[in-house]
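Some notes on the structure that comes next.
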Amino acid sequence: MIDALIAGRLYGIAEQRTGHAGSSYVTCKVKAMTDDGDVIICNVIAFNDAVREALLNLEDGASLSLSGALTPKVWTDKQGNARPALDLVAHSILTLSQTETK
């Protein structure tokens with residue numbers, strides 16, 4: 001596990017879902033810029049109540065920072081090029097419209 005802090009913009013809107021055992025969680029995507037100007041998509045899942053609520057209150061394009069457990073991944077685009085992606089289990093969030101939520 002990598003303990004990470006990412007910053008970017010919400011891509012789309014966050015969606016609330018329910019697991020098989022009835023537990024609620026939120027998923028979303030965050031677009032983050034790399035040092036060389038490329039965009040990388042981070043797939044986010046949040047189980048923490050305060051983080052879930054904060055994500056659900058954000059609009060598409062909102063700036064945010066998230067911290068949590070990060071897993072790097074690779075996917076293949078339609079042209080057959082390997083592209084990086086990230087999966088993050090968010091533990092805390094910081095947005096421009098609120099203070100940090102843990």
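By order of appearance in the structure tokens: chains A, B, ..., then residues from 1 within every chain, and ligands from 1 in the order shown.
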
Tell me, counting only C-alpha atoms, for each residue of range 1-56 of chain A within 8 Å of range 81-95 of chain A, which pair of atoms is nearest and how far apart they are in Å to one decimal, in rows ordered by chain and increasing number, as a tab-separated table.
```
residue	atom	partner	partner_atom	distance
A:Ile40	CA	A:Ala85	CA	6.2
A:Ile41	CA	A:Ala85	CA	5.6
A:Cys42	CA	A:Leu86	CA	4.5
A:Asn43	CA	A:Asp87	CA	4.7
A:Val44	CA	A:Leu88	CA	4.8
A:Ile45	CA	A:Val89	CA	5.1
A:Ala46	CA	A:Ala90	CA	5.1
A:Phe47	CA	A:Ala90	CA	7.7
A:Asn48	CA	A:His91	CA	6.5
A:Val51	CA	A:Ser92	CA	6.0
A:Ala54	CA	A:Ile93	CA	7.7
```

Got time to write the residues from that selection, C-alpha atoms, as a compact mmCIF listing (two decimals), in the first residue's frame?
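Contents of selection36.txt, as written:
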```txt
# COMPACT_ATOMS: atom_id res chain seq x y z
CA ILE A 40 -3.98 10.87 -15.12
CA ILE A 41 -7.32 9.56 -13.88
CA CYS A 42 -7.59 8.44 -10.28
CA ASN A 43 -10.50 6.12 -9.43
CA VAL A 44 -11.63 6.94 -5.89
CA ILE A 45 -13.71 4.97 -3.41
CA ALA A 46 -14.67 6.32 0.03
CA PHE A 47 -16.24 4.49 2.97
CA ASN A 48 -15.77 7.20 5.62
CA VAL A 51 -15.58 11.94 3.09
CA ALA A 54 -18.14 15.87 1.07
```

Inset, instruction - Taking the chain letters and numbering used in this document, name the residues of range 22-71 of chain A that DSSP puts in helix (DSSP H, G or I), as a PyMOL selection string. - result: chain A and resi 49-56

Closest contacts (range 55-78 of chain A/range 11-27 of chain A, max 6 Å, only C-alpha atoms) as a Markdown table:
```
| residue | atom | partner | partner_atom | distance |
| --- | --- | --- | --- | --- |
| A:Leu56 | CA | A:Ala14 | CA | 5.4 |
| A:Asp60 | CA | A:Gly12 | CA | 4.8 |
| A:Gly61 | CA | A:Tyr11 | CA | 5.9 |
```

Can you spit out the residues from that selection as a short mmCIF file (atom, residue, chain, number, x, y, z; two decimals), in the first residue's frame, using N, CA and C atoms?
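Full text of result.cif as output:
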```cif
data_model
loop_
_atom_site.label_atom_id
_atom_site.label_comp_id
_atom_site.auth_asym_id
_atom_site.auth_seq_id
_atom_site.Cartn_x
_atom_site.Cartn_y
_atom_site.Cartn_z
N LEU A 56 -20.09 13.86 -2.31
CA LEU A 56 -21.43 13.97 -2.90
C LEU A 56 -21.88 15.41 -3.06
N ASP A 60 -19.02 18.67 -10.72
CA ASP A 60 -18.03 18.33 -11.73
C ASP A 60 -17.04 19.48 -11.89
N GLY A 61 -15.75 19.16 -11.87
CA GLY A 61 -14.71 20.17 -12.03
C GLY A 61 -14.22 20.80 -10.75
#
```

Inset, instruction - Using backbone DSSP assignments, extract all strand (DSSP E or B) residues from chain A; output them as a VMD selection string. - result: chain A and resid 2 to 18 24 to 33 39 to 46 63 to 76 82 to 95 101

Legend entry - Contact residues around Ile2 in chain A with only C-alpha atoms at 8 Å, ignoring same-chain residues under 4 positions, as a list in words: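 So the residues in contact are Ala69, Leu70 and Thr71 of chain A.
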
Legend entry - Among listed residues A:Leu58, A:Asp49, A:Lys73, A:Ser65, nearest Ala32 in chain A (using only C-alpha atoms):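 That would be A:Ser65, the residue with the smallest distance to Ala32 in chain A.
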
Please list as a PDB file with N, CA and C atoms, in the first residue's frame every residue within 7 Å of Leu5 in chain A, counting only C-alpha atoms and excluding residues in the same chain fewer than 4 positions away.
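Below is the file that was written, out-v1.pdb:
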```
ATOM      1  N   SER A  65      -8.378  17.787  -2.804  1.00  0.00           N
ATOM      2  CA  SER A  65      -7.234  16.958  -2.455  1.00  0.00           C
ATOM      3  C   SER A  65      -7.758  15.813  -1.611  1.00  0.00           C
ATOM      4  N   LEU A  66      -7.241  14.636  -1.872  1.00  0.00           N
ATOM      5  CA  LEU A  66      -7.642  13.434  -1.143  1.00  0.00           C
ATOM      6  C   LEU A  66      -6.400  12.706  -0.655  1.00  0.00           C
ATOM      7  N   SER A  67      -6.498  12.098   0.512  1.00  0.00           N
ATOM      8  CA  SER A  67      -5.408  11.244   0.976  1.00  0.00           C
ATOM      9  C   SER A  67      -5.978   9.874   1.298  1.00  0.00           C
ATOM     10  N   GLY A  68      -5.106   8.869   1.150  1.00  0.00           N
ATOM     11  CA  GLY A  68      -5.533   7.512   1.426  1.00  0.00           C
ATOM     12  C   GLY A  68      -4.586   6.490   0.838  1.00  0.00           C
TER      13      GLY A  68
END
```

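Here CA of Met1 in chain A stands at a distance of 16.2 Å from CA of Val74 in chain A.
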
Inset, instruction - Provide the CA of Asp38 in chain A to CA of Trp75 in chain A distance in Å, to one decimal place. - result: 15.5 Å

Inset, instruction - Find the distance between CA of Leu55 in chain A and CA of Pro72 in chain A and write it in Å to one decimal. - result: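 We find that CA of Leu55 in chain A and CA of Pro72 in chain A lie 21.6 Å from each other.
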